[in-house]
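Chemist: What follows is the file run-v3.cif, containing mmCIF, C-alpha atoms:
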```
data_model
loop_
_atom_site.label_atom_id
_atom_site.label_comp_id
_atom_site.auth_asym_id
_atom_site.auth_seq_id
_atom_site.Cartn_x
_atom_site.Cartn_y
_atom_site.Cartn_z
CA MET A 7 0.00 0.00 0.00
CA GLY A 8 1.11 3.61 -0.46
CA PHE A 9 1.63 5.89 2.50
CA TYR A 10 0.15 9.30 2.98
CA THR A 11 2.59 12.17 3.35
CA SER A 12 0.30 14.18 5.59
CA THR A 13 0.42 13.73 9.36
CA PRO A 14 -3.04 14.25 10.91
CA THR A 15 -2.77 15.97 14.27
CA ALA A 16 -5.41 13.73 15.83
CA TYR A 17 -3.32 10.69 15.04
CA PHE A 18 -0.09 11.93 16.54
CA ASN A 19 -1.81 13.45 19.55
CA SER A 20 -3.23 10.02 20.43
CA PHE A 21 0.23 8.68 21.16
CA SER A 22 2.24 8.96 24.33
CA PRO A 23 4.94 11.66 24.27
CA LEU A 24 7.39 8.80 24.60
CA ASN A 25 6.30 7.28 21.31
CA GLU A 26 9.06 6.76 18.79
CA ILE A 27 7.06 8.51 16.08
CA SER A 28 7.82 12.20 15.77
CA LEU A 29 6.54 14.90 13.47
CA PRO A 30 8.58 15.57 10.31
CA SER A 31 9.65 18.95 11.69
CA SER A 32 11.00 17.38 14.88
CA PRO A 33 14.73 17.92 15.50
CA PHE A 34 14.91 14.42 16.94
CA LYS A 35 14.18 11.15 15.17
CA PRO A 36 12.91 11.24 11.59
CA LEU A 37 9.41 10.02 10.87
CA LYS A 38 9.24 6.24 10.63
CA PHE A 39 6.53 4.67 8.53
CA PRO A 40 4.97 1.96 10.73
CA PRO A 41 3.23 -1.20 9.49
CA TYR A 42 -0.16 0.02 10.75
CA TRP A 43 -1.56 3.47 10.23
CA PRO A 44 -4.99 4.33 11.61
CA TRP A 45 -6.33 4.46 8.07
CA GLN A 46 -4.80 1.10 7.18
CA LYS A 47 -7.33 -1.68 7.56
CA VAL A 48 -7.38 -5.46 7.81
CA LYS A 49 -10.13 -7.75 6.54
CA ILE A 50 -12.79 -9.64 8.44
CA GLY A 51 -14.70 -11.35 5.67
CA PRO A 52 -16.18 -8.55 3.54
CA LEU A 53 -15.42 -5.88 6.15
CA SER A 54 -12.42 -3.57 6.43
CA VAL A 55 -11.56 -2.83 10.06
CA SER A 56 -8.79 -1.21 12.08
CA PRO A 57 -6.01 -3.60 13.22
CA MET A 58 -7.24 -3.06 16.78
CA GLY A 59 -10.82 -2.66 17.96
CA PHE A 60 -12.21 -1.56 21.31
CA GLY A 61 -14.34 -3.68 23.61
CA THR A 62 -17.36 -2.31 25.50
CA TRP A 63 -17.94 -4.98 28.15
CA ALA A 64 -17.57 -2.33 30.87
CA TRP A 65 -20.27 -0.08 29.38
CA GLY A 66 -23.14 -0.98 31.68
CA ASN A 67 -21.41 -3.59 33.84
CA GLN A 68 -21.66 -2.50 37.47
CA LEU A 69 -20.55 -5.75 39.12
CA LEU A 70 -17.14 -6.25 37.53
CA TRP A 71 -16.29 -2.81 36.13
CA GLY A 72 -18.16 -0.41 38.41
CA TYR A 73 -20.20 1.28 35.70
CA GLN A 74 -22.35 4.28 36.63
CA GLU A 75 -24.54 6.25 34.24
CA SER A 76 -22.56 9.35 35.20
CA MET A 77 -19.70 7.85 33.17
CA ASP A 78 -21.60 8.16 29.90
CA THR A 79 -20.19 11.57 28.97
CA GLU A 80 -16.60 10.35 29.19
CA LEU A 81 -17.52 7.12 27.43
CA GLN A 82 -18.84 9.17 24.53
CA GLN A 83 -15.68 11.28 24.49
CA THR A 84 -13.65 8.07 24.54
CA PHE A 85 -15.63 6.69 21.60
CA ASN A 86 -15.15 9.93 19.64
CA LEU A 87 -11.41 9.92 20.31
CA ALA A 88 -11.13 6.34 19.08
CA VAL A 89 -13.05 7.00 15.87
CA ASP A 90 -11.17 10.24 15.22
CA ASN A 91 -7.96 8.23 15.39
CA GLY A 92 -8.95 5.50 12.95
CA ILE A 93 -10.58 2.87 15.18
CA ASN A 94 -13.72 1.59 13.47
CA LEU A 95 -14.31 -1.81 15.14
CA PHE A 96 -16.32 -1.91 18.36
CA ASP A 97 -17.27 -5.16 20.08
CA THR A 98 -20.33 -5.49 22.28
CA ALA A 99 -22.99 -8.05 23.27
CA ASP A 100 -26.70 -8.18 24.01
CA SER A 101 -25.85 -9.44 27.51
CA TYR A 102 -23.50 -6.56 28.40
CA GLY A 103 -25.05 -4.63 31.24
CA THR A 104 -26.12 -5.46 34.79
CA GLY A 105 -29.73 -6.00 35.86
CA ARG A 106 -31.96 -3.19 34.60
CA LEU A 107 -28.99 -2.03 32.50
CA ASN A 108 -28.98 -5.21 30.42
CA GLY A 109 -28.19 -4.24 26.82
CA GLN A 110 -26.80 -0.88 27.96
CA SER A 111 -23.56 -1.37 26.04
CA GLU A 112 -25.42 -1.74 22.74
CA LYS A 113 -27.67 1.25 23.52
CA LEU A 114 -24.70 3.50 24.29
CA LEU A 115 -22.78 2.36 21.23
CA GLY A 116 -25.74 3.10 18.96
CA LYS A 117 -26.24 6.49 20.59
CA PHE A 118 -22.57 7.43 20.25
CA ILE A 119 -22.55 6.50 16.57
CA ARG A 120 -25.68 8.59 15.87
CA GLU A 121 -24.27 11.60 17.71
CA TYR A 122 -20.75 11.40 16.26
CA GLN A 123 -19.89 14.83 14.86
CA GLY A 124 -17.09 13.82 12.51
CA GLN A 125 -17.14 13.06 8.80
CA LYS A 126 -20.17 11.12 7.57
CA ARG A 127 -17.90 8.73 5.68
CA VAL A 128 -16.03 7.87 8.88
CA GLN A 129 -19.33 7.38 10.72
CA ASN A 130 -20.61 5.04 8.01
CA GLU A 131 -17.46 2.91 8.15
CA ILE A 132 -17.91 2.01 11.84
CA VAL A 133 -18.28 -1.75 12.27
CA ILE A 134 -20.21 -3.13 15.22
CA ALA A 135 -19.51 -6.70 16.22
CA THR A 136 -22.14 -7.84 18.69
CA LYS A 137 -22.65 -11.19 20.36
CA PHE A 138 -25.96 -12.93 20.93
CA ALA A 139 -26.18 -14.93 24.14
CA ALA A 140 -27.07 -18.62 23.97
CA TYR A 141 -29.72 -18.21 26.66
CA PRO A 142 -31.62 -21.42 27.48
CA TRP A 143 -34.88 -19.89 26.23
CA ARG A 144 -33.43 -19.25 22.78
CA LEU A 145 -34.28 -22.66 21.41
CA THR A 146 -35.18 -22.04 17.78
CA PRO A 147 -33.59 -20.27 14.82
CA GLY A 148 -36.45 -17.77 14.86
CA GLN A 149 -35.79 -16.85 18.47
CA PHE A 150 -32.13 -16.24 17.68
CA VAL A 151 -33.11 -14.04 14.73
CA ASN A 152 -35.40 -12.12 17.08
CA ALA A 153 -32.41 -11.58 19.40
CA CYS A 154 -30.57 -10.02 16.46
CA LYS A 155 -33.55 -7.78 15.67
CA ALA A 156 -33.68 -6.69 19.32
CA SER A 157 -30.01 -5.67 19.14
CA LEU A 158 -30.71 -3.69 15.97
CA ASP A 159 -33.55 -1.92 17.77
CA ARG A 160 -31.38 -1.11 20.80
CA MET A 161 -28.65 0.35 18.62
CA GLN A 162 -31.14 1.90 16.16
CA ILE A 163 -29.18 0.71 13.14
CA GLU A 164 -30.28 -1.17 10.04
CA GLN A 165 -27.53 -3.78 9.82
CA ILE A 166 -24.94 -5.25 12.19
CA GLY A 167 -21.37 -5.67 10.95
CA ILE A 168 -20.60 -9.02 12.59
CA GLY A 169 -23.27 -11.11 14.34
CA GLN A 170 -21.59 -13.55 16.72
CA LEU A 171 -22.80 -16.53 18.72
CA HIS A 172 -21.54 -15.65 22.20
CA TRP A 173 -20.80 -19.21 23.30
CA SER A 174 -21.38 -22.81 22.33
CA THR A 175 -23.99 -24.99 24.02
CA ALA A 176 -22.49 -28.20 22.63
CA ASN A 177 -21.35 -29.41 26.06
CA TYR A 178 -24.79 -29.24 27.65
CA ALA A 179 -27.46 -28.67 24.96
CA PRO A 180 -26.29 -29.96 21.56
CA LEU A 181 -29.74 -29.69 19.95
CA GLN A 182 -29.94 -26.04 20.92
CA GLU A 183 -26.52 -25.55 19.34
CA LEU A 184 -27.81 -26.61 15.92
CA ALA A 185 -30.79 -24.29 16.22
CA LEU A 186 -28.48 -21.38 17.03
CA TRP A 187 -26.30 -22.19 14.04
CA ASP A 188 -29.40 -22.11 11.85
CA GLY A 189 -30.25 -18.79 13.46
CA LEU A 190 -26.89 -17.40 12.32
CA VAL A 191 -27.63 -18.63 8.79
CA ALA A 192 -31.08 -17.01 8.84
CA MET A 193 -29.89 -13.60 10.09
CA TYR A 194 -27.17 -13.61 7.41
CA GLU A 195 -29.61 -14.57 4.64
CA LYS A 196 -32.09 -11.90 5.79
CA GLY A 197 -29.35 -9.27 5.57
CA LEU A 198 -29.54 -8.41 9.27
CA VAL A 199 -25.76 -8.93 9.56
CA GLN A 200 -22.97 -8.46 7.05
CA ALA A 201 -20.91 -11.32 8.44
CA VAL A 202 -21.14 -14.00 11.13
CA GLY A 203 -18.68 -15.10 13.77
CA VAL A 204 -18.41 -17.10 16.97
CA SER A 205 -17.01 -16.50 20.42
CA ASN A 206 -15.53 -18.89 22.99
CA TYR A 207 -15.34 -21.79 20.54
CA GLY A 208 -12.64 -24.40 21.03
CA PRO A 209 -10.78 -26.05 18.15
CA LYS A 210 -13.15 -28.97 17.51
CA GLN A 211 -16.38 -26.98 17.59
CA LEU A 212 -14.81 -24.23 15.53
CA VAL A 213 -14.12 -26.63 12.68
CA LYS A 214 -17.62 -28.12 12.99
CA ILE A 215 -19.45 -24.80 12.73
CA TYR A 216 -17.17 -23.65 9.93
CA GLU A 217 -18.13 -26.73 7.87
CA TYR A 218 -21.81 -26.45 8.82
CA LEU A 219 -22.05 -22.83 7.75
CA LYS A 220 -19.97 -23.43 4.63
CA ASP A 221 -22.41 -26.11 3.48
CA ARG A 222 -25.16 -23.50 3.72
CA GLY A 223 -23.24 -20.89 1.80
CA VAL A 224 -22.43 -18.76 4.84
CA PRO A 225 -18.75 -17.94 5.49
CA LEU A 226 -17.55 -17.96 9.09
CA CYS A 227 -15.55 -14.75 9.23
CA SER A 228 -14.33 -14.46 12.81
CA ALA A 229 -13.60 -16.39 15.99
CA GLN A 230 -13.32 -14.44 19.21
CA VAL A 231 -11.38 -16.02 22.07
CA GLN A 232 -9.45 -15.03 25.14
CA PHE A 233 -5.99 -14.53 23.67
CA SER A 234 -3.01 -12.83 25.28
CA LEU A 235 0.41 -13.54 26.75
CA LEU A 236 -1.58 -14.89 29.72
CA SER A 237 -3.75 -17.08 27.48
CA MET A 238 -1.50 -18.80 24.98
CA GLY A 239 -2.14 -22.41 25.90
CA GLN A 240 -2.40 -25.34 23.53
CA ASP A 241 -6.08 -24.75 22.72
CA GLN A 242 -5.52 -21.08 21.96
CA LEU A 243 -2.61 -21.75 19.64
CA GLU A 244 -4.55 -24.54 17.93
CA ILE A 245 -7.48 -22.17 17.41
CA LYS A 246 -5.08 -19.64 15.91
CA ASN A 247 -3.70 -22.24 13.49
CA ILE A 248 -7.20 -23.29 12.45
CA CYS A 249 -8.20 -19.69 11.85
CA ASP A 250 -5.12 -19.12 9.70
CA SER A 251 -5.76 -22.23 7.62
CA LEU A 252 -9.49 -21.58 7.09
CA GLY A 253 -9.34 -17.83 6.54
CA ILE A 254 -11.12 -16.98 9.81
CA ARG A 255 -10.00 -13.79 11.55
CA LEU A 256 -9.04 -14.26 15.20
CA ILE A 257 -10.38 -11.54 17.51
CA ALA A 258 -8.52 -11.41 20.83
CA TYR A 259 -10.55 -10.39 23.85
CA SER A 260 -8.92 -9.63 27.21
CA PRO A 261 -5.54 -8.92 25.52
CA LEU A 262 -4.45 -7.36 28.83
CA GLY A 263 -5.66 -10.26 30.97
CA LEU A 264 -8.45 -8.23 32.64
CA GLY A 265 -5.76 -5.71 33.59
CA MET A 266 -3.06 -8.04 34.89
CA LEU A 267 -0.82 -7.20 31.92
CA THR A 268 -1.05 -3.45 32.45
CA GLY A 269 1.72 -3.45 35.07
CA LYS A 270 -0.50 -1.33 37.30
CA TYR A 271 -1.29 -4.03 39.85
CA THR A 272 0.75 -6.05 42.37
CA PRO A 273 -0.20 -8.65 45.00
CA SER A 274 -0.38 -5.75 47.47
CA LYS A 275 -2.18 -3.38 45.08
CA LEU A 276 -5.27 -5.10 43.73
CA PRO A 277 -8.31 -3.80 41.84
CA ARG A 278 -11.65 -3.46 43.55
CA GLY A 279 -14.42 -5.99 43.14
CA PRO A 280 -14.38 -9.63 42.00
CA ARG A 281 -11.18 -9.22 39.97
CA ALA A 282 -9.17 -8.92 43.20
CA PHE A 283 -9.63 -12.63 43.99
CA LEU A 284 -8.37 -13.71 40.56
CA PHE A 285 -5.47 -11.26 40.62
CA ARG A 286 -4.42 -12.47 44.06
CA GLN A 287 -4.11 -16.01 42.68
CA ILE A 288 -2.24 -15.18 39.47
CA LEU A 289 -0.14 -12.04 39.93
CA PRO A 290 2.53 -13.56 42.24
CA GLY A 291 3.58 -15.93 39.45
CA LEU A 292 3.72 -13.33 36.68
CA GLU A 293 6.97 -11.59 37.54
CA PRO A 294 9.05 -13.15 34.70
CA LEU A 295 6.46 -11.98 32.13
CA LEU A 296 5.86 -8.56 33.67
CA SER A 297 9.60 -8.00 33.96
CA SER A 298 10.09 -8.72 30.24
CA LEU A 299 7.16 -6.47 29.34
CA ARG A 300 8.67 -3.62 31.40
CA GLU A 301 12.11 -4.15 29.86
CA ILE A 302 10.83 -4.02 26.29
CA ALA A 303 8.51 -1.11 27.08
CA GLN A 304 11.37 0.92 28.52
CA LYS A 305 13.65 0.11 25.60
CA ARG A 306 11.01 1.06 23.04
CA ARG A 307 9.72 4.02 25.01
CA LYS A 308 6.26 2.47 25.14
CA THR A 309 4.05 1.39 28.02
CA VAL A 310 3.54 -2.15 29.27
CA PRO A 311 -0.06 -2.35 27.94
CA GLN A 312 1.08 -1.11 24.52
CA VAL A 313 3.65 -3.90 24.32
CA ALA A 314 1.13 -6.56 25.42
CA ILE A 315 -1.44 -5.41 22.84
CA ASN A 316 1.17 -5.16 20.10
CA TRP A 317 2.10 -8.80 20.76
CA CYS A 318 -1.48 -9.78 19.83
CA ILE A 319 -1.29 -7.77 16.62
CA CYS A 320 2.04 -9.39 15.73
CA MET A 321 0.36 -12.78 16.20
CA GLY A 322 -2.13 -11.85 13.47
CA ALA A 323 -5.05 -11.29 15.84
CA ILE A 324 -7.25 -8.22 16.19
CA PRO A 325 -7.10 -7.27 19.88
CA ILE A 326 -10.14 -5.58 21.40
CA PRO A 327 -8.97 -4.11 24.72
CA GLY A 328 -11.76 -2.65 26.80
CA VAL A 329 -11.92 1.12 27.24
CA LYS A 330 -13.74 3.22 29.82
CA THR A 331 -11.70 6.43 29.85
CA ILE A 332 -9.97 8.82 27.48
CA LYS A 333 -6.67 7.96 29.14
CA GLN A 334 -7.12 4.25 28.42
CA ALA A 335 -8.03 4.94 24.79
CA GLU A 336 -5.02 7.20 24.30
CA GLU A 337 -2.70 4.59 25.77
CA ASN A 338 -4.18 1.73 23.75
CA LEU A 339 -3.84 3.72 20.53
CA GLY A 340 -0.11 3.76 21.22
CA ALA A 341 -0.06 0.02 20.49
CA LEU A 342 -0.43 0.87 16.79
CA GLY A 343 2.15 2.18 14.37
CA TRP A 344 5.06 -0.08 15.29
CA GLN A 345 5.89 -3.76 15.60
CA LEU A 346 7.79 -5.94 18.04
CA SER A 347 10.87 -7.64 16.61
CA SER A 348 11.10 -11.42 16.30
CA GLY A 349 13.58 -11.41 19.16
CA GLU A 350 11.22 -9.46 21.39
CA LEU A 351 8.34 -11.79 20.53
CA LEU A 352 10.47 -14.78 21.49
CA GLN A 353 11.55 -13.09 24.72
CA LEU A 354 7.94 -12.44 25.71
CA GLU A 355 6.76 -15.92 24.86
CA ASN A 356 9.60 -17.51 26.81
CA ALA A 357 8.82 -15.25 29.77
CA ALA A 358 5.16 -16.25 29.56
CA LEU A 359 6.18 -19.92 29.70
CA GLU A 360 8.39 -19.21 32.72
CA SER A 361 5.47 -17.64 34.58
CA PRO A 362 3.79 -20.49 36.47
CA GLN A 363 0.30 -19.00 36.52
CA ARG A 364 -2.09 -18.72 33.59
CA MET A 365 -5.33 -16.90 33.01
CA ILE A 366 -8.31 -19.04 33.97
CA GLN A 367 -9.98 -20.21 30.77
CA ASN A 368 -13.48 -18.95 30.11
CA ILE A 369 -15.89 -21.64 31.33
CA PHE A 370 -17.98 -21.15 28.20
CA GLN A 371 -15.19 -22.16 25.82
CA THR A 372 -15.71 -25.60 24.34
CA ARG A 373 -13.17 -28.09 23.12
#
```
Just give me the structure as structure tokens.
Modeler:
Amino acid sequence: MGFYTSTPTAYFNSFSPLNEISLPSSPFKPLKFPPYWPWQKVKIGPLSVSPMGFGTWAWGNQLLWGYQESMDTELQQTFNLAVDNGINLFDTADSYGTGRLNGQSEKLLGKFIREYQGQKRVQNEIVIATKFAAYPWRLTPGQFVNACKASLDRMQIEQIGIGQLHWSTANYAPLQELALWDGLVAMYEKGLVQAVGVSNYGPKQLVKIYEYLKDRGVPLCSAQVQFSLLSMGQDQLEIKNICDSLGIRLIAYSPLGLGMLTGKYTPSKLPRGPRAFLFRQILPGLEPLLSSLREIAQKRRKTVPQVAINWCICMGAIPIPGVKTIKQAEENLGALGWQLSSGELLQLENAALESPQRMIQNIFQTR
């Protein structure tokens, strides 16, 4: 691809002052053309998306992330900042939100898109990837299609970018699983979604649904799994290999291990809420990995989260770190525009293997 010679202020302002990229007029380092610019896109099926998306699990979740409706103004500012700086992929789910706020994430995302004040072209290129929960009362293809229509109504949009089955029921309700697959086919054929994907599918089920959908003329475009330096076990790497061989795009959720790979927490400095219990179990064994992340971050003049997210991008995945604040969005944007070396990738992966603790696998992921 050709590179633009202009240097949009919004892009450069999104990066940390320590970023290696400097303006052409800078007396320091010359401008380096990185492998990913905000306007460079990667493919998910028929869609062109930014090499990193943002997750919106926290938008409405009071239990785990402490959401309050008073946060909505900053969430909208965070969304605008992301879009202004080239991010056009946003992941959500119809189950995101606590209690009466169920579906709040989708509602906010739709609202923010409608009220975005930037270029109409940029607004139209935003891709929403939402996930439909495999609730036990969704037993027929028609009920799953109705779930998709309900998401469209909440977001007040005409078509969803990627409609995803949130988890597999194969382990406990295999007949329901087939109905949900047929629901994905139906929503694709009705034009309610531009592409279909799955979430929390293990290697075996991933191949099965790929073949099932293929036989019905529906391409499986994405597979979303927990994927990070804390979650690079045998299943995860096998899923990655399957995705590469079948042309499925891997979307990496929790690329920062719920915050454990930010470097901001220690066994004596834990987050509030339920995460504290998990962090207390895992953090003491992460020192080899965190030490390598800090070393590379210091050498590259990046932050620890930027290095951890960049690792996911180098692995060919699209990371979707969650964002709640402008500060988080600005920092995450600094994961773009550069690439870890092969030596640094090896160093991080060896450090991850030396760390005795691993992220607990999502209970919804199948084999």
Chemist: At a cut-off of 10 Å, can you tabulate as JSON lines every residue of segment 197-303 of chain A near segment 310-315 of chain A together with its closest atom pair and the distance in Å to one decimal, using only C-alpha atoms and ordering rows by chain then number?
Modeler:
```
{"residue": "A:Ser234", "atom": "CA", "partner": "A:Ala314", "partner_atom": "CA", "distance": 7.5}
{"residue": "A:Leu235", "atom": "CA", "partner": "A:Ala314", "partner_atom": "CA", "distance": 7.1}
{"residue": "A:Leu236", "atom": "CA", "partner": "A:Ala314", "partner_atom": "CA", "distance": 9.8}
{"residue": "A:Ala258", "atom": "CA", "partner": "A:Ile315", "partner_atom": "CA", "distance": 9.5}
{"residue": "A:Ser260", "atom": "CA", "partner": "A:Ile315", "partner_atom": "CA", "distance": 9.6}
{"residue": "A:Pro261", "atom": "CA", "partner": "A:Ile315", "partner_atom": "CA", "distance": 6.0}
{"residue": "A:Leu262", "atom": "CA", "partner": "A:Ala314", "partner_atom": "CA", "distance": 6.6}
{"residue": "A:Gly263", "atom": "CA", "partner": "A:Ala314", "partner_atom": "CA", "distance": 9.5}
{"residue": "A:Gly265", "atom": "CA", "partner": "A:Pro311", "partner_atom": "CA", "distance": 8.7}
{"residue": "A:Met266", "atom": "CA", "partner": "A:Pro311", "partner_atom": "CA", "distance": 9.5}
{"residue": "A:Leu267", "atom": "CA", "partner": "A:Pro311", "partner_atom": "CA", "distance": 6.3}
{"residue": "A:Thr268", "atom": "CA", "partner": "A:Pro311", "partner_atom": "CA", "distance": 4.7}
{"residue": "A:Gly269", "atom": "CA", "partner": "A:Val310", "partner_atom": "CA", "distance": 6.2}
{"residue": "A:Lys270", "atom": "CA", "partner": "A:Val310", "partner_atom": "CA", "distance": 9.0}
{"residue": "A:Leu296", "atom": "CA", "partner": "A:Val310", "partner_atom": "CA", "distance": 8.1}
{"residue": "A:Ser297", "atom": "CA", "partner": "A:Val310", "partner_atom": "CA", "distance": 9.6}
{"residue": "A:Ser298", "atom": "CA", "partner": "A:Val310", "partner_atom": "CA", "distance": 9.3}
{"residue": "A:Leu299", "atom": "CA", "partner": "A:Val310", "partner_atom": "CA", "distance": 5.6}
{"residue": "A:Arg300", "atom": "CA", "partner": "A:Val310", "partner_atom": "CA", "distance": 5.7}
{"residue": "A:Glu301", "atom": "CA", "partner": "A:Val310", "partner_atom": "CA", "distance": 8.8}
{"residue": "A:Ile302", "atom": "CA", "partner": "A:Val313", "partner_atom": "CA", "distance": 7.4}
{"residue": "A:Ala303", "atom": "CA", "partner": "A:Val310", "partner_atom": "CA", "distance": 5.5}
```
Chemist: Using all atoms listed in the file, can you list as a ChimeraX atom specification the residues within 6 Å of (-15.6, 7.2, 28.4)?
Modeler: /A:80-84,330-332
Chemist: If we count only C-alpha atoms, what is near Lys47 of chain A at a cut-off of 7 Å, once residues fewer than 4 positions away on the same chain are taken out, given as a VMD selection string?
Modeler: chain A and resid 54 to 57
Chemist: Can you turn the PyMOL selection byres ((chain A and resi 155) around 12) into a concrete residue list for this file, as an MDAnalysis selection string?
Modeler: chainID A and resid 100 136 138 148:154 156:166 169 189 192:194 196:199
Chemist: Given the file above and the PyMOL selection byres ((chain A and resi 128) around 9), which residues are selected, and can you give them as a list in words?
Modeler: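 Applying the expression gives Val89, Asp90, Gly92, Asn94, Gly124, Gln125, Lys126, Arg127, Gln129, Asn130, Glu131 and Ile132 of chain A.
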Chemist: Could you add the missing atoms to segment 165-172 of chain A, up to all heavy atoms, and return them as an mmCIF file, keeping the file's coordinate frame?
Modeler:
```
data_model
loop_
_atom_site.group_PDB
_atom_site.id
_atom_site.type_symbol
_atom_site.label_atom_id
_atom_site.label_comp_id
_atom_site.auth_asym_id
_atom_site.auth_seq_id
_atom_site.Cartn_x
_atom_site.Cartn_y
_atom_site.Cartn_z
ATOM 1 N N GLN A 165 -28.280 -2.543 10.068
ATOM 2 C CA GLN A 165 -27.530 -3.780 9.820
ATOM 3 C C GLN A 165 -26.336 -3.838 10.766
ATOM 4 O O GLN A 165 -25.676 -2.836 11.021
ATOM 5 C CB GLN A 165 -27.068 -3.842 8.370
ATOM 6 C CG GLN A 165 -26.488 -5.197 7.963
ATOM 7 C CD GLN A 165 -26.067 -5.195 6.494
ATOM 8 O OE1 GLN A 165 -25.433 -4.251 6.016
ATOM 9 N NE2 GLN A 165 -26.399 -6.259 5.770
ATOM 10 N N ILE A 166 -26.076 -5.016 11.299
ATOM 11 C CA ILE A 166 -24.940 -5.250 12.190
ATOM 12 C C ILE A 166 -23.752 -5.716 11.347
ATOM 13 O O ILE A 166 -23.923 -6.480 10.386
ATOM 14 C CB ILE A 166 -25.303 -6.307 13.255
ATOM 15 C CG1 ILE A 166 -26.293 -5.703 14.258
ATOM 16 C CG2 ILE A 166 -24.066 -6.842 13.965
ATOM 17 C CD1 ILE A 166 -26.987 -6.730 15.127
ATOM 18 N N GLY A 167 -22.559 -5.244 11.688
ATOM 19 C CA GLY A 167 -21.370 -5.670 10.950
ATOM 20 C C GLY A 167 -21.119 -7.170 11.099
ATOM 21 O O GLY A 167 -21.147 -7.924 10.120
ATOM 22 N N ILE A 168 -20.862 -7.597 12.328
ATOM 23 C CA ILE A 168 -20.600 -9.020 12.590
ATOM 24 C C ILE A 168 -21.547 -9.505 13.685
ATOM 25 O O ILE A 168 -21.520 -9.002 14.815
ATOM 26 C CB ILE A 168 -19.144 -9.252 13.048
ATOM 27 C CG1 ILE A 168 -18.153 -8.580 12.103
ATOM 28 C CG2 ILE A 168 -18.846 -10.753 13.130
ATOM 29 C CD1 ILE A 168 -16.715 -8.585 12.611
ATOM 30 N N GLY A 169 -22.392 -10.467 13.355
ATOM 31 C CA GLY A 169 -23.270 -11.110 14.340
ATOM 32 C C GLY A 169 -22.588 -12.367 14.837
ATOM 33 O O GLY A 169 -22.270 -13.255 14.045
ATOM 34 N N GLN A 170 -22.371 -12.448 16.152
ATOM 35 C CA GLN A 170 -21.590 -13.550 16.720
ATOM 36 C C GLN A 170 -22.403 -14.361 17.724
ATOM 37 O O GLN A 170 -23.146 -13.793 18.535
ATOM 38 C CB GLN A 170 -20.353 -12.994 17.437
ATOM 39 C CG GLN A 170 -19.456 -12.106 16.582
ATOM 40 C CD GLN A 170 -18.525 -11.266 17.447
ATOM 41 O OE1 GLN A 170 -17.359 -11.591 17.631
ATOM 42 N NE2 GLN A 170 -19.040 -10.169 17.991
ATOM 43 N N LEU A 171 -22.258 -15.655 17.680
ATOM 44 C CA LEU A 171 -22.800 -16.530 18.720
ATOM 45 C C LEU A 171 -21.861 -16.444 19.914
ATOM 46 O O LEU A 171 -20.678 -16.752 19.810
ATOM 47 C CB LEU A 171 -22.900 -17.968 18.187
ATOM 48 C CG LEU A 171 -23.344 -19.058 19.159
ATOM 49 C CD1 LEU A 171 -24.631 -18.702 19.867
ATOM 50 C CD2 LEU A 171 -23.498 -20.387 18.409
ATOM 51 N N HIS A 172 -22.399 -16.004 21.065
ATOM 52 C CA HIS A 172 -21.540 -15.650 22.200
ATOM 53 C C HIS A 172 -20.820 -16.853 22.797
ATOM 54 O O HIS A 172 -19.684 -16.735 23.253
ATOM 55 C CB HIS A 172 -22.375 -14.961 23.276
ATOM 56 C CG HIS A 172 -21.582 -14.077 24.182
ATOM 57 N ND1 HIS A 172 -22.124 -13.030 24.865
ATOM 58 C CD2 HIS A 172 -20.260 -14.078 24.516
ATOM 59 C CE1 HIS A 172 -21.184 -12.420 25.589
ATOM 60 N NE2 HIS A 172 -20.053 -13.044 25.389
#
```
